[in-house]
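Engineer: Handing you a structure now.
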Amino acid sequence: MPGAPRKSAVKVPVVESEVVADEVDDAFDLLSVLDTEDLPPVPIKIRGVKAEIRRSYSGEESVKFTEYLRKQQVDELLTLIAGDEGGPALSKALVAFNTEQGVKLFNWLAKTSTLTSGEAMALLPAYARGMDGAQPTQDVNGTTGEVSGKS
């Protein structure tokens, strides 16, 4: 019949334009650069508490460590490096020490984890901690932090 559409025996496949990213993902995971070397844990003890400090971390865990440190989430950080049982036990044990001792012990734990090579937590001046009854100098304006004209 003239003018009637032709029926074709060949069917054209329908190609979807969307590509699922999970199926074809050959992109380099940049966080893998932050993976640490695969090292065995270090067993430690402190005042009856025994734990193992991990020394192998994924890049994602390395970032979590930094986030916990920046937010001063010590309990979460210790759980990351010493596990669900060891972390809370270490946290409880470290509370018994004065600030200087606690920071020294914490820095050792952080270095041992291989997630930091320097001081993870610095000691603060006594007045910033509110310890020993020290007060900020009288020459500093408490509102703006500016030094007054007094000398």
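In the structure tokens, chains take the letters A, B, ... in the order shown, each chain's residues start at 1, and ligands count up from 1 in the order shown.
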Find the spatial neighbours of Thr112 of chain A, counting only C-alpha atoms, within a cut-off of 9 Å - ignore same-chain residues fewer than 4 positions away - and output them as a ChimeraX atom specification.
Structural biologist: /A:42,53-55,107-108,116-117
Engineer: Those same residues, written as a PDB file, in the first residue's frame with N, CA and C atoms?
Structural biologist:
```
ATOM      1  N   VAL A  42      50.412  -2.161  68.148  1.00  0.00           N
ATOM      2  CA  VAL A  42      51.356  -2.127  69.270  1.00  0.00           C
ATOM      3  C   VAL A  42      50.566  -2.349  70.564  1.00  0.00           C
ATOM      4  N   ILE A  53      47.207  -0.477  69.935  1.00  0.00           N
ATOM      5  CA  ILE A  53      47.127   0.720  69.108  1.00  0.00           C
ATOM      6  C   ILE A  53      47.332   0.303  67.654  1.00  0.00           C
ATOM      7  N   ARG A  54      46.289   0.517  66.865  1.00  0.00           N
ATOM      8  CA  ARG A  54      46.359   0.189  65.438  1.00  0.00           C
ATOM      9  C   ARG A  54      47.395   1.066  64.746  1.00  0.00           C
ATOM     10  N   ARG A  55      47.980   0.514  63.676  1.00  0.00           N
ATOM     11  CA  ARG A  55      48.920   1.292  62.877  1.00  0.00           C
ATOM     12  C   ARG A  55      48.650   1.150  61.388  1.00  0.00           C
ATOM     13  N   ASN A 107      49.843  12.310  73.037  1.00  0.00           N
ATOM     14  CA  ASN A 107      50.716  12.530  71.883  1.00  0.00           C
ATOM     15  C   ASN A 107      51.488  11.259  71.531  1.00  0.00           C
ATOM     16  N   TRP A 108      51.910  10.507  72.543  1.00  0.00           N
ATOM     17  CA  TRP A 108      52.615   9.255  72.283  1.00  0.00           C
ATOM     18  C   TRP A 108      51.677   8.285  71.562  1.00  0.00           C
ATOM     19  N   THR A 116      50.037  10.679  62.886  1.00  0.00           N
ATOM     20  CA  THR A 116      50.683  11.979  63.041  1.00  0.00           C
ATOM     21  C   THR A 116      52.146  11.743  63.363  1.00  0.00           C
ATOM     22  N   SER A 117      52.983  12.666  62.946  1.00  0.00           N
ATOM     23  CA  SER A 117      54.409  12.503  63.232  1.00  0.00           C
ATOM     24  C   SER A 117      54.889  13.531  64.249  1.00  0.00           C
TER      25      SER A 117
END
```
Engineer: Compare A:Val95, A:Ile81, A:Leu39, A:Ala122 by their minimum atom-to-atom distance to Leu109 of chain A, counting only C-alpha atoms, and give me the closest one.
Structural biologist: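 Among the listed residues, A:Ile81 lies closest to Leu109 of chain A.
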Engineer: Would you pick out the contacts of segment 72-80 of chain A at 8 Å or less, using only C-alpha atoms, so that residues sharing its chain but fewer than 6 positions from it are not included, and give the list as JSON, numbers by chain?
Structural biologist: {"A": [61, 65, 86, 87, 88, 90, 91]}
Engineer: What would the file look like if the residues just selected were written as an mmCIF file, in the first residue's frame with N, CA and C atoms?
Structural biologist:
```cif
data_model
loop_
_atom_site.group_PDB
_atom_site.id
_atom_site.type_symbol
_atom_site.label_atom_id
_atom_site.label_comp_id
_atom_site.auth_asym_id
_atom_site.auth_seq_id
_atom_site.Cartn_x
_atom_site.Cartn_y
_atom_site.Cartn_z
ATOM 1 N N GLU A 61 39.817 6.781 57.208
ATOM 2 C CA GLU A 61 40.091 6.773 58.647
ATOM 3 C C GLU A 61 41.113 7.851 59.020
ATOM 4 N N PHE A 65 40.469 10.774 61.767
ATOM 5 C CA PHE A 65 41.405 11.084 62.845
ATOM 6 C C PHE A 65 41.607 12.591 62.930
ATOM 7 N N GLY A 86 39.168 -0.865 73.791
ATOM 8 C CA GLY A 86 40.400 -0.205 74.227
ATOM 9 C C GLY A 86 40.295 1.308 74.286
ATOM 10 N N GLY A 87 39.592 1.919 73.330
ATOM 11 C CA GLY A 87 39.469 3.379 73.284
ATOM 12 C C GLY A 87 38.829 3.967 74.529
ATOM 13 N N PRO A 88 37.610 3.513 74.891
ATOM 14 C CA PRO A 88 36.982 4.042 76.101
ATOM 15 C C PRO A 88 37.785 3.743 77.377
ATOM 16 N N LEU A 90 41.075 3.477 77.595
ATOM 17 C CA LEU A 90 42.200 4.416 77.609
ATOM 18 C C LEU A 90 41.737 5.816 77.991
ATOM 19 N N SER A 91 40.607 6.227 77.462
ATOM 20 C CA SER A 91 40.069 7.545 77.781
ATOM 21 C C SER A 91 39.842 7.683 79.281
#
```
Engineer: Could you pull the residues within 8 Å of Ile46 of chain A, counting only C-alpha atoms, minus those fewer than 2 positions along the same chain, as a PyMOL selection string?
Structural biologist: chain A and resi 44+48-50+90+93
Engineer: So, counting only C-alpha atoms, which residue among A:Ser58, A:Asp25, A:Arg47, A:Tyr68 is closest to Lys92 of chain A?
Structural biologist: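 Of the candidates, the smallest distance to Lys92 of chain A is held by A:Arg47.
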Engineer: As an exercise, work out the distance from atom CA of Ala27 of chain A to atom CA of Tyr57 of chain A in Å and give it to one decimal place.
Structural biologist: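 Computing the Euclidean distance for atom CA of Ala27 of chain A and atom CA of Tyr57 of chain A yields 21.0 Å.
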Engineer: May I ask which of the residues A:Glu100, A:Asp84, A:Glu37, A:Asp29 is the closest one to Glu52 of chain A, counting only C-alpha atoms?
Structural biologist: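 Among the listed residues, A:Asp84 lies closest to Glu52 of chain A.
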